[in-house]
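To keep things clear, I will list the structure first and then write my remarks on it.
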Protein chains: 4
Amino acid sequence: MHRLQAFREMRARVPQKAFNWLVSFNSSRCIHSLPFATVNVEEISGSQPAEVHNLVQGKWTGSSKWNTILDPLNGESFIKVAEIDETGIQPFVESLSKCPKHGLHNPFKEPERFVFPNLLYLMLGDVSVKAAHMLSQPKVSDFFTRLIQRVSPKSYQQALGEVFVTRKFLENFCGDQVRFLARSFAVPGNHLGQQSHGFRWPYGPVTIITPFNFPLEIPLLQLMGALYMGNKPVLKVDSKVSIVMEQMLRLLHDCGLPVEDVDFINADGKTMNKLLLEANPRMTLFTGSSRVADKLAVDLKGRIKLEDAGFDWKILGPDVKEVDYIAWVCDQDAYACSGQKCSAQSMLFMHENWSKSSLLRQMNDLAARRKLEDLTVGPVLTVSFLTFFGVVTEYKDNQIPMVLDALERMHAHLTAAVVSNDQLFLQARLAEVIGKSVNGTTYAGLRARTTGAPQNHWFGPAGDPRGAGIGTPEAIKLVWSCHREIIYDFGPLPQKWETPAST
Amino acid sequence: MHRLQAFREMRARVPQKAFNWLVSFNSSRCIHSLPFATVNVEEISGSQPAEVHNLVQGKWTGSSKWNTILDPLNGESFIKVAEIDETGIQPFVESLSKCPKHGLHNPFKEPERFVFPNLLYLMLGDVSVKAAHMLSQPKVSDFFTRLIQRVSPKSYQQALGEVFVTRKFLENFCGDQVRFLARSFAVPGNHLGQQSHGFRWPYGPVTIITPFNFPLEIPLLQLMGALYMGNKPVLKVDSKVSIVMEQMLRLLHDCGLPVEDVDFINADGKTMNKLLLEANPRMTLFTGSSRVADKLAVDLKGRIKLEDAGFDWKILGPDVKEVDYIAWVCDQDAYACSGQKCSAQSMLFMHENWSKSSLLRQMNDLAARRKLEDLTVGPVLTVSFLTFFGVVTEYKDNQIPMVLDALERMHAHLTAAVVSNDQLFLQARLAEVIGKSVNGTTYAGLRARTTGAPQNHWFGPAGDPRGAGIGTPEAIKLVWSCHREIIYDFGPLPQKWETPAST
Amino acid sequence: MHRLQAFREMRARVPQKAFNWLVSFNSSRCIHSLPFATVNVEEISGSQPAEVHNLVQGKWTGSSKWNTILDPLNGESFIKVAEIDETGIQPFVESLSKCPKHGLHNPFKEPERFVFPNLLYLMLGDVSVKAAHMLSQPKVSDFFTRLIQRVSPKSYQQALGEVFVTRKFLENFCGDQVRFLARSFAVPGNHLGQQSHGFRWPYGPVTIITPFNFPLEIPLLQLMGALYMGNKPVLKVDSKVSIVMEQMLRLLHDCGLPVEDVDFINADGKTMNKLLLEANPRMTLFTGSSRVADKLAVDLKGRIKLEDAGFDWKILGPDVKEVDYIAWVCDQDAYACSGQKCSAQSMLFMHENWSKSSLLRQMNDLAARRKLEDLTVGPVLTVSFLTFFGVVTEYKDNQIPMVLDALERMHAHLTAAVVSNDQLFLQARLAEVIGKSVNGTTYAGLRARTTGAPQNHWFGPAGDPRGAGIGTPEAIKLVWSCHREIIYDFGPLPQKWETPAST
Amino acid sequence: MHRLQAFREMRARVPQKAFNWLVSFNSSRCIHSLPFATVNVEEISGSQPAEVHNLVQGKWTGSSKWNTILDPLNGESFIKVAEIDETGIQPFVESLSKCPKHGLHNPFKEPERFVFPNLLYLMLGDVSVKAAHMLSQPKVSDFFTRLIQRVSPKSYQQALGEVFVTRKFLENFCGDQVRFLARSFAVPGNHLGQQSHGFRWPYGPVTIITPFNFPLEIPLLQLMGALYMGNKPVLKVDSKVSIVMEQMLRLLHDCGLPVEDVDFINADGKTMNKLLLEANPRMTLFTGSSRVADKLAVDLKGRIKLEDAGFDWKILGPDVKEVDYIAWVCDQDAYACSGQKCSAQSMLFMHENWSKSSLLRQMNDLAARRKLEDLTVGPVLTVSFLTFFGVVTEYKDNQIPMVLDALERMHAHLTAAVVSNDQLFLQARLAEVIGKSVNGTTYAGLRARTTGAPQNHWFGPAGDPRGAGIGTPEAIKLVWSCHREIIYDFGPLPQKWETPAST
């Protein structure tokens with residue numbers, strides 16, 4: 001059938017209002033504006049403060065109480081955050097309680113409310129396609145990069161890195177990849193008609209609490225992971241930076257994410273604690289300090305996954321080479337992002353050979369050139385701090401066992417690095433250092449570092465059953481789902497079965 | 001070379017004492033006695049009480065304080081358990097603290113102390129081969145079956161079932177299957193010389209606490225799982241039944257398990273709590289009541305996996321068929337093992353069609369025939385209890401949503417059963433019931449039951465991030481190891497790399 | 001009203017097809033050119049014939065010999081294909097021989113020629129992102145849909161379906177998903193320093209030969225699969241439809257695929273056979289007739305994977321329901337795409353209950369309404385053929401064993417369908433029919449069909465070690481890579497090792 | 001002193017071989033007969049020749065034609081093999097044809113004939129348990145070791161190694177591990193009620209043809225793999241050594257393997273070819289020469305998996321160390337098992353540093369000490385051959401590219417070795433050599449070798465789609481099953497579905 005004729009026939013069957021609406025809906029999808037955004041990133045200022053809202057039960061809401069965020073560069077009140085206090089948590093409690101324990105969706109459940117012809121798994125794959133594409137647009141990428149910079153002083157490159165990782169993560173779960181996360185397995189049973197099936201099951205209502213240091217990557221990756229597996233999350237990001245995820249949620253809605261599927265709350269710790277106790281989410285993902293983590297673990301009776309602070313060490317091998325590079329990586333590991341990375345280098349074990357090198361001086365020089373203007377260091381750090389570099393310890397060849405003892409006595413095993421390409425050292429020591437340590441994400445080799453949480457490999461602490469990972473298929477399945485086994489046992493009964501005499 | 005000649009040559013090279021020892025060692029491995037056993041199961045009695053010892057740092061020890069276990073059949077003091085009190089826990093604390101966080105072994109670590117030519121993974125595969133074979137010997141199987149019966153009144157068939165599952169579990173981890181549990185994966189990195197590897201890593205020092213109802217299966221499966229993954233466990237079994245695992249440990253030692261690799265403690269809850277707080281194990285597996293589970297979760301700040309009580313429901317579909325069989329399964333689910341199974345049927349939703357059937361009467365009859373003599377019911381239950389069958393509720397066709405509401409409001413989601421082969425009912429309702437519930441082990445079909453924890457499929461609660469599984473490769477890896485990622489990044493550096501201007 | 005909510009409400013009231021059309025109609029105004037394309041799909045005609053070139057060693061080339069393709073609708077010579085004859089194969093042989101057996105890339109190899117900072121795996125992930133996005137553009141999607149229609153008469157909807165599946169496939173391998181295909185595993189060895197690693201390894205130079213019926217989906221999915229795993233393919237598509245992949249290759253180049261990585265040849269069977277014998281590719285994927293498949297298997301000594309013709313059966317169960325739907329699916333299975341699908345329904349086993357229904361008449365009616373004008377049937381079929389529907393056989397309840405015997409005697413086990421929602425029939429018969437048949441892609445249930453090769457599940461024959469699959473991660477790994485095991489064994493030697501006396 | 005500790009201390013002081021011998025010497029006193037065996041291994045001789053029968057349709061049969069096997073040590077006719085000629089193949093053809101394409105069992109099919117309460121998967125797990133235990137008995141182990149030695153001259157240690165690997169393989173598939181091989185996966189479909197399941201499906205009637213060099217390990221591992229996945233094999237082992245598997249089949253029957261499930265034929269190549277053409281097995285596993293492999297590939301139209309000869313190379317790195325060990329491994333790789341291993345070292349690339357070492361002289365010395373008496377070399381090799389060691393080539397540091405070119409030009413890529421612990425060499429060259437070669441089983445490191453086919457890692461050629469593996473779960477699934485996808489699509493239909501206007 002000719003295309004124009006087809007159009008006319010279709011047209012005749014579509015209500016006028018729907019037609020108009022669709023035309024306008026599609027036309028507006030033009031990249032020359034950012035239709036999802038409610039702020040203009042470059043114009044946020046004391047005189048034109050941005051507003052951050054809450055989202056609950058599908059509605060964006062303000063608050064009677066507005067928290068004021070100061071511009072880290074000039075101290076102006078440049079963002080107003082609608083903060084929920086203890087009197088306002090009821091809608092959030094209600095919203096969570098609407099989600100049953102079996103989740104928004106699971107391999108056996110499809111919400112009736114939807115007009116989508118396809119499973120939610122496919123809808124979420126589509127959301128990922130669209131959101132990844134949005135983030136690949138320079139204008140959108142720049143918007144989020146700059147927004148991150150406005151609230152979390154880091155260099156453009158560092159902030160862009162966060163947007164890039166977020167986009168790559170979304171690319172990883174395009175198309176059918178969300179439903180592939182729900183892949184189950186089955187094994188023949190004991191007799192004909194019996195078969196056992198292992199599924200990954202959602203928790204239902206869950207909470208995500210994330211810190212200020214990665215305003216986009218951490219909450220977005222955990223949020224999508226939670227959704228992919230069928231959970232309904234309420235998300236709380238540190239208010240200082242929550243504007244980033246507030247805008248990101250609007251982008252996701254534009255890409256098709258149902259507004260009812262995620263709640264978003266701005267609140268202080270006390271209010272959040274009350275919400276947790278009243279709503280009793282089935283799982284809480286917390287990224288932040290070990291102190292709060294331990295408190296939450298107690299309050300929530302262990303129904304928690306944690307990515308808490310790391311006491312992250314780095315060992316420099318005996319090969320003094322590529323000093324420029326090593327110094328630069330040390331600087332990045334220690335200071336980029338205001339030194340507030342959970343994976344920041346906390347302790348440096350330096351082979352004695354390095355003491356004669358220019359390493360420490362170069363590290364000092366690099367630290368010294370960090371400045372507020374380009375956001376390569378946040379204003380919270382004083383210059384005097386910059387001259388001190390964590391803990392630096394020298395070791396001699398025969399002192400590796402002492403280094404290993406020190407590693408064993410540390411707590412919080414997030415990242416680690418063994419920096420060397422000296423093959424004799426690596427042969428003699430690498431397997432030993434790896435085999436006698438437990439840091440969850442351990443880099444080895446000349447290019448080893450302690451920071452870096454890309455989307456392509458596991459990132460998270462080890463050595464703790466409460467430990468969370470982020471971003472990879474393994475991490476998503478571990479954090480956001482549990483095992484459920486369904487055993488079909490349709491019989492038939494054994495021939496001539498009769499009630500056993502007694503047992 | 002001729003065999004006899006070979007023998008002579010060998011003989012000449014072996015020290016006399018070693019030769020004698022080896023000859024005697026091998027000769028004693030004769031199935032006509034149970035060389036590992038220190039008790040004669042049929043002769044334990046008030047006049048010849050058995051003794052249960054503790055094992056710590058490779059040595060069996062008594063205690064100044066002996067707890068007395070009463071024969072459940074006649075009330076005689078027939079077992080003396082050497083109980084550790086708070087003053088005696090120090091050796092256990094020390095023993096745990098000797099095991100580093102990276103475990104007894106891991107893919108990068110092999111203990112030096114061993115004379116085994118092979119990795120511990122292979123040694124544990126060999127232990128499993130030998131222990132499985134031992135349990136396949138009728139005399140050994142009978143020994144443990146009777147020992148279970150002596151302390152945990154259940155029928156011979158039920159107790160034998162425990163021994164059988166234990167043996168099958170051991171068969172599953174013969175040969176290379178332990179090292180296959182340590183299978184890792186790797187993915188290409190971002191540039192040449194970079195590659196990320198995901199491992200399952202042990203926790204190191206861990207605790208296992210198990211209840212009285214399955215004296216062999218639960219502790220043995222969890223113990224071996226912990227060992228397979230490289231942990232060093234201290235095991236505490238309810239003192240009433242700990243004699244079973246005490247004897248089993250001796251069997252394992254005979255099969256080659258190093259005596260230092262597992263500690264075994266008899267203690268009351270208060271002492272155990274103190275031990276946990278002082279030794280601070282990296283992970284604790286607790287099987288038992290929800291109340292204690294929650295307390296432990298708080299005490300251990302969530303470093304715990306739980307298999308706690310289940311409020312386990314069963315739904316009978318509209319097809320009233322095979323009443324004899326259904327009644328018998330209900331009786332087994334409710335009463336076998338003294339009604340103390342964590343997976344015991346707690347609530348029965350019965351389609352109204354069943355009300356006209358003989359089901360309830362038959363269930364009563366079956367319960368009534370249970371008697372102390374054959375241990376089909378434990379003495380703790382009174383006959384009056386037997387006439388009451390948990391909670392029985394009728395539902396009509398249109399009331400399934402109400403049933404689902406009831407399921408959603410329950411706590412402790414261990415097992416469940418949907419009993420029906422009515423295909424219209426199953427088609428209309430099975431996916432809905434599964435999709436709207438979260439019980440970790442859910443059976444469906446005519447032969448569905450709520451009890452049963454075999455070695456071939458996952459058994460454990462769902463809906464709780466603290467939930468443990470038992471026995472399968474998935475369960476072992478989940479409970480007894482965590483993810484660790486090693487990223488090799490040997491470079492080379494990008495050509496002509498130089499320190500970035502600033503970022 | 002909120003914008004997205006409004007959209008959803010409208011959306012619910014608009015027929016799917018109208019919605020798609022409107023979206024495409026509106027969006028198409030935004031994309032002003034197809035820079036990759038060398039033809040204008042609507043203007044190809046006898047007076048403005050399109051040209052199809054070959055691609056070898058990175059260069060598009062013509063030929064001294066042009067094959068003429070007739071417009072299936074009006075018989076005009078509307079496409080000129082530059083065909084390579086036996087004298088022209090040398091550049092292709094050379095090009096293949098430049099690719100070593102270890103492929104263009106593998107987990108240990110990265111081509112030096114590349115300026116990409118990243119591994120080829122990432123480059124191919126990027127190509128997939130971009131190509132998927134291109135195909136999501138209505139104008140591009142319409143271009144390929146119409147191009148398919150011009151050469152392979154099928155309805156717009158059917159052709160669009162091919163483009164849609166292709167796009168979804170590309171979405172599945174965005175971001176890191178290509179490198180995830182190269183995921184390897186490792187297992188601890190027998191002693192410290194030994195570890196075995198299992199990889200999927202490319203074949204190097206390979207050939208892909210695909211037929212006319214799916215001009216885009218089959219070659220594109222196989223081509224990308226071959227590339228993802230590290231092979232260098234030469235692609236030959238049936239000349240009648242090769243214009244589609246010729247244009248698609250240009251799109252891929254635009255998306256970043258290096259021009260040297262795929263060769264593209266137009267040739268007749270004899271020439272192609274000569275090329276195969278001279279170039280001796282390590283693997284050949286052939287989709288087409290069983291006769292040619294068997295000849296190729298002999299010529300290539302079995303170095304081949306096949307997706308050949310299927311003798312595909314359908315069983316209708318006893319439940320005569322949804323006759324309209326069943327008739328329509330039968331019509332689709334038998335005739336859509338000119339009846340030339342490899343998965344077309346060849347034999348219908350109809351429960352006797354259906355004989356009283358209107359099914360056969362409806363099937364005739366549906367077939368009769370197919371017409372050249374809308375390309376719902378190709379011109380090669382005569383109307384008389386349309387009144388005959390493959391082989392239709394009735395069976396009675398007790399004749400299922402005879403049906404199963406018939407299935408066992410068939411050859412070419414590609415697809416099959418058991419159409420029923422009658423639960424008694426399914427319970428009694430479905431497991432039996434599945435358990436006693438081997439068709440590689442078997443559908444069961446009311447909506448079962450014999451056609452359909454989506455990107456989300458395996459599609460391919462079973463029962464033949466030469467059988468190929470298409471599109472899924474499993475299929476890609478099976479067809480386009482082989483297992484390779486690397487065992488690291490760095491020692492050390494056993495202490496005091498000395499040369500054994502003799503063995 | 002504690003018993004086990006005592007054992008360990010002794011153990012540490014006793015040479016391995018002495019230990020093994022003593023264990024066997026002592027234990028062997030306990031097992032008084034080999035009920036399965038029909039021959040006495042030490043008494044087979046010209047005057048008391050052993051007889052080898054065929055097994056078909058559950059019956060052991062003789063033949064009118066007896067082939068005579070000569071004792072390789074003294075030339076006596078010591079074994080009579082009942083050989084089937086072309087007139088006798090009919091029962092074998094019939095037997096194969098009785099097995100349908102869907103196999104003896106599969107996840108949906110259970111043979112009715114069986115009285116086993118459990119699935120065949122479990123029965124085969126039990127057979128493995130029992131057979132592994134049998135082989136762990138010194139008397140049984142000695143029986144097969146000596147039987148191998150009688151027909152395939154190799155040292156006791158080498159023959160024992162075969163028995164050991166066979167036993168370990170069987171241990172790997174104890175208990176539930178056979179059904180775990182049948183593990184399937186499932187993915188949610190496009191709409192509610194749709195789900196796709198991927199299974200590994202048997203081929204049904206299959207053939208296994210194996211050579212003389214490993215009379216037990218190769219046929220047993222392939223045979224059990226075929227059975228585990230549900231196939232019915234006919235097994236043909238080279239008549240010179242078929243007595244080993246004939247006895248092994250009797251052992252398996254004793255362990256519970258149904259006699260009808262495997263046929264066993266002694267025949268010459270021409271007869272076997274006729275059988276293959278008449279019976280048309282769905283899959284044939286051939287281990288043997290490349291010439292026969294290629295002929296079979298043509299005859300069977302590619303329905304074949306091959307483990308054919310390898311042209312196996314070894315590269316010695318620049319580090320001249322542990323010369324005794326390297327020389328001994330070279331000798332083992334080249335000559336153990338009469339130089340007839342498919343994985344035997346064919347070509348040695350020796351870094352020039354080695355030319356000054358004693359390596360070549362030591363290799364000559366080792367070869368020279370091989371002698372018929374202890375079966376360390378077979379009588380077919382002449383002494384003069386022993387002084388020549390395959391092809392030995394020296395290379396200089398800068399000639400690695402030439403070496404890689406040579407590797408690329410070889411055929412038959414089975415095994416390879418890169419022998420070095422020089423980390424600079426490994427860093428610079430190992431990834432390159434691995435990345436630019438395709439040998440299926442490649443060893444790297446000081447202890448690298450070219451021979452060795454254990455049960456714990458993949459062994460087989462790469463670079464060929466016909467390539468087979470042996471023994472591991474991956475190998476079994478690849479060789480003995482194919483992918484089958486079942487898609488459940490029970491609906492419901494979309495609401496208000498109506499026949500589309502036309503498409």
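By convention in this document, the chains of the structure tokens carry letters A, B, ... by their order, each chain's residues are numbered from 1, and ligands are numbered from 1 in the order they are shown.
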Can you check the Cα RMSD once chain D has been least-squares fitted onto chain B over every paired atom, in order? 9.0 Å
Distance limit 9 Å, atoms considered: only C-alpha atoms. Which chain C residues sit that close to chain B? Return them as number ranges by chain. C: 107-110, 117-119, 121-122, 179-193, 195, 197, 421-424, 426-427, 494
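All residues of protein, DNA or RNA that reach within 10 Å of Gly269 of chain C, judged by only C-alpha atoms and not counting those fewer than 5 positions away in the chain, are C:Asp85, C:Lys236, C:Asp238, C:Lys274, C:Leu275, C:Val292.
Among the residues of segment 192-263 of chain D, backbone DSSP assigns strand (DSSP E) to Gln194, Gln195, Ser196, His197, Gly198, Phe199, Arg200, Trp201, Pro205, Val206, Thr207, Ile208, Ile209, Thr210, Lys232, Pro233, Val234, Leu235, Lys236, Val237 and Asp263 of chain D.
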Convert the current residue selection to file output with C-alpha atoms, as an mmCIF file, in the first residue's frame.
```cif
data_model
loop_
_atom_site.group_PDB
_atom_site.id
_atom_site.type_symbol
_atom_site.label_atom_id
_atom_site.label_comp_id
_atom_site.auth_asym_id
_atom_site.auth_seq_id
_atom_site.Cartn_x
_atom_site.Cartn_y
_atom_site.Cartn_z
ATOM 1 C CA GLN D 194 6.306 -15.896 26.952
ATOM 2 C CA GLN D 195 9.648 -17.250 28.078
ATOM 3 C CA SER D 196 12.555 -18.772 26.184
ATOM 4 C CA HIS D 197 14.572 -21.705 27.505
ATOM 5 C CA GLY D 198 17.955 -22.836 26.228
ATOM 6 C CA PHE D 199 18.786 -26.525 26.637
ATOM 7 C CA ARG D 200 21.685 -28.782 25.746
ATOM 8 C CA TRP D 201 20.153 -31.586 23.690
ATOM 9 C CA PRO D 205 22.766 -42.394 18.053
ATOM 10 C CA VAL D 206 26.470 -41.524 17.965
ATOM 11 C CA THR D 207 29.830 -43.121 17.239
ATOM 12 C CA ILE D 208 33.124 -42.939 19.082
ATOM 13 C CA ILE D 209 36.337 -44.001 17.351
ATOM 14 C CA THR D 210 39.543 -43.894 19.339
ATOM 15 C CA LYS D 232 23.611 -43.881 22.725
ATOM 16 C CA PRO D 233 27.157 -44.557 21.516
ATOM 17 C CA VAL D 234 28.703 -47.349 19.589
ATOM 18 C CA LEU D 235 32.359 -47.465 20.569
ATOM 19 C CA LYS D 236 35.221 -48.655 18.411
ATOM 20 C CA VAL D 237 38.703 -48.736 19.878
ATOM 21 C CA ASP D 263 27.485 -50.954 21.884
#
```
Spatial neighbours of segment 452-458 of chain A, 10 Å, only C-alpha atoms, chain gap at least 6 places, as number ranges by chain: A: 161-162, 164-172, 217-218, 221, 332-333, 341, 343-344, 415, 440-441, 443, 468-476; B: 186-190, 195-198, 483-487; C: 175-177, 179-180
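Between atom CA of His413 of chain A and atom CA of Ser437 of chain A the interatomic distance comes to 8.7 Å.
Within 7 Å of segment 35-52 of chain A there are Ser33, Asn54, Glu76, Ser77, Phe78, Ile79, Lys80, Val81, Ala82, Phe143, Arg146, Leu147, Ile243, Glu246, Gln247, Arg250, Leu251 and Asp254 of chain A, counting only C-alpha atoms and ignoring same-chain residues fewer than 2 positions away.
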How about saving the chosen residues, N, CA and C atoms kept, as a JSON list (two decimals), in the first residue's frame?
```
[["chain", "number", "residue", "atom", "x", "y", "z"],
["A", 33, "SER", "N", 17.34, 22.07, 22.47],
["A", 33, "SER", "CA", 17.06, 22.54, 23.82],
["A", 33, "SER", "C", 17.13, 21.32, 24.71],
["A", 54, "ASN", "N", 11.29, 17.34, 45.47],
["A", 54, "ASN", "CA", 11.18, 15.92, 45.81],
["A", 54, "ASN", "C", 10.20, 15.27, 44.86],
["A", 76, "GLU", "N", 27.76, 32.06, 47.81],
["A", 76, "GLU", "CA", 26.38, 32.55, 47.60],
["A", 76, "GLU", "C", 25.38, 31.41, 47.79],
["A", 77, "SER", "N", 24.19, 31.77, 48.25],
["A", 77, "SER", "CA", 23.12, 30.77, 48.36],
["A", 77, "SER", "C", 22.57, 30.54, 46.96],
["A", 78, "PHE", "N", 23.04, 29.50, 46.31],
["A", 78, "PHE", "CA", 22.69, 29.38, 44.88],
["A", 78, "PHE", "C", 21.73, 28.23, 44.55],
["A", 79, "ILE", "N", 21.46, 27.40, 45.55],
["A", 79, "ILE", "CA", 20.48, 26.33, 45.32],
["A", 79, "ILE", "C", 19.57, 26.23, 46.53],
["A", 80, "LYS", "N", 18.27, 26.12, 46.26],
["A", 80, "LYS", "CA", 17.31, 25.90, 47.33],
["A", 80, "LYS", "C", 16.76, 24.47, 47.21],
["A", 81, "VAL", "N", 16.94, 23.74, 48.27],
["A", 81, "VAL", "CA", 16.49, 22.34, 48.25],
["A", 81, "VAL", "C", 15.26, 22.18, 49.14],
["A", 82, "ALA", "N", 14.22, 21.65, 48.55],
["A", 82, "ALA", "CA", 12.99, 21.41, 49.33],
["A", 82, "ALA", "C", 13.24, 20.21, 50.24],
["A", 143, "PHE", "N", 25.91, 19.70, 29.98],
["A", 143, "PHE", "CA", 24.99, 20.13, 31.03],
["A", 143, "PHE", "C", 25.29, 19.41, 32.34],
["A", 146, "ARG", "N", 28.89, 20.21, 33.81],
["A", 146, "ARG", "CA", 28.94, 21.51, 34.46],
["A", 146, "ARG", "C", 28.11, 21.51, 35.75],
["A", 147, "LEU", "N", 26.99, 20.81, 35.73],
["A", 147, "LEU", "CA", 26.15, 20.78, 36.93],
["A", 147, "LEU", "C", 26.91, 20.10, 38.08],
["A", 243, "ILE", "N", 20.89, 18.16, 43.27],
["A", 243, "ILE", "CA", 20.34, 18.78, 42.06],
["A", 243, "ILE", "C", 20.71, 17.96, 40.81],
["A", 246, "GLU", "N", 18.33, 15.09, 40.59],
["A", 246, "GLU", "CA", 16.98, 15.63, 40.35],
["A", 246, "GLU", "C", 16.81, 15.89, 38.86],
["A", 247, "GLN", "N", 17.82, 16.49, 38.25],
["A", 247, "GLN", "CA", 17.73, 16.75, 36.81],
["A", 247, "GLN", "C", 17.82, 15.45, 36.01],
["A", 250, "ARG", "N", 14.55, 13.72, 35.74],
["A", 250, "ARG", "CA", 13.68, 14.34, 34.73],
["A", 250, "ARG", "C", 14.07, 13.85, 33.34],
["A", 251, "LEU", "N", 15.35, 13.68, 33.12],
["A", 251, "LEU", "CA", 15.78, 13.12, 31.84],
["A", 251, "LEU", "C", 15.25, 11.69, 31.67],
["A", 254, "ASP", "N", 11.71, 11.62, 30.74],
["A", 254, "ASP", "CA", 11.57, 11.95, 29.34],
["A", 254, "ASP", "C", 11.91, 10.77, 28.44]]
```
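Using only C-alpha atoms for every distance, the candidate list C:Ala293, C:Leu446, C:Ala267, C:Leu414 yields C:Leu446 as the residue closest to Val320 of chain C.
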Between A:Gln157, A:Gly302, A:Asp308, A:Arg409, which one has atoms that come closest to Phe459 of chain A, using only C-alpha atoms? A:Asp308
List the neighbours of segment 478-481 of chain A out to 10 Å using only C-alpha atoms; skip same-chain residues closer than 6 positions along the sequence, and give me the result as a short mmCIF file (atom, residue, chain, number, x, y, z; two decimals) with C-alpha atoms, in the first residue's frame.
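Result saved to result13.cif:
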```cif
data_model
loop_
_atom_site.label_atom_id
_atom_site.label_comp_id
_atom_site.auth_asym_id
_atom_site.auth_seq_id
_atom_site.Cartn_x
_atom_site.Cartn_y
_atom_site.Cartn_z
CA ALA A 182 16.79 -11.87 34.82
CA PHE A 199 15.74 -17.03 39.80
CA ARG A 200 17.06 -13.65 40.86
CA TRP A 201 14.19 -12.03 42.75
CA PRO A 202 13.70 -8.35 43.62
CA TYR A 203 13.36 -7.10 47.17
CA GLY A 204 10.48 -4.74 46.41
CA VAL A 206 14.30 -0.40 48.73
CA GLN A 222 22.60 1.98 41.76
CA LEU A 223 19.18 3.38 40.87
CA MET A 224 19.05 1.73 37.48
CA GLY A 225 20.38 -1.54 38.90
CA ALA A 226 17.60 -1.49 41.48
CA LEU A 227 14.99 -0.82 38.79
CA TYR A 228 16.36 -3.40 36.36
CA MET A 229 15.92 -6.14 38.94
CA GLY A 230 12.34 -5.05 39.73
CA ASN A 231 12.67 -2.95 42.87
CA MET A 283 17.06 -3.54 51.38
CA THR A 284 19.09 -0.37 51.76
CA LEU A 285 22.16 0.48 49.74
CA ILE A 304 21.86 -3.48 54.05
CA LYS A 305 24.62 -3.41 51.47
CA LEU A 306 27.50 -1.06 52.01
CA ARG A 466 27.56 -6.58 53.70
CA GLY A 467 29.76 -5.31 50.88
CA ALA A 468 28.13 -3.85 47.79
CA GLY A 469 29.38 -3.61 44.25
CA ILE A 470 28.36 -1.13 41.60
CA GLY A 471 27.53 -1.22 37.97
CA THR A 472 28.48 -4.58 36.52
CA ALA B 462 14.27 -15.04 49.96
CA GLY B 463 13.34 -11.40 50.27
CA ASP B 464 16.10 -10.63 52.73
CA PRO B 465 19.64 -9.53 51.87
CA LEU B 478 26.95 -16.74 48.08
CA CYS B 482 32.63 -12.45 48.41
CA HIS B 483 33.53 -10.93 45.11
#
```
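Atom CA of Asn273 of chain C to atom CA of Ser290 of chain C spans 15.9 Å [interatomic distance, one decimal].
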From a backbone DSSP assignment, name each residue in segment 84-187 of chain C labelled alpha helix (DSSP H), as a VMD selection string. chain C and resid 90 to 98 120 to 136 138 to 151 156 to 172 177 to 181
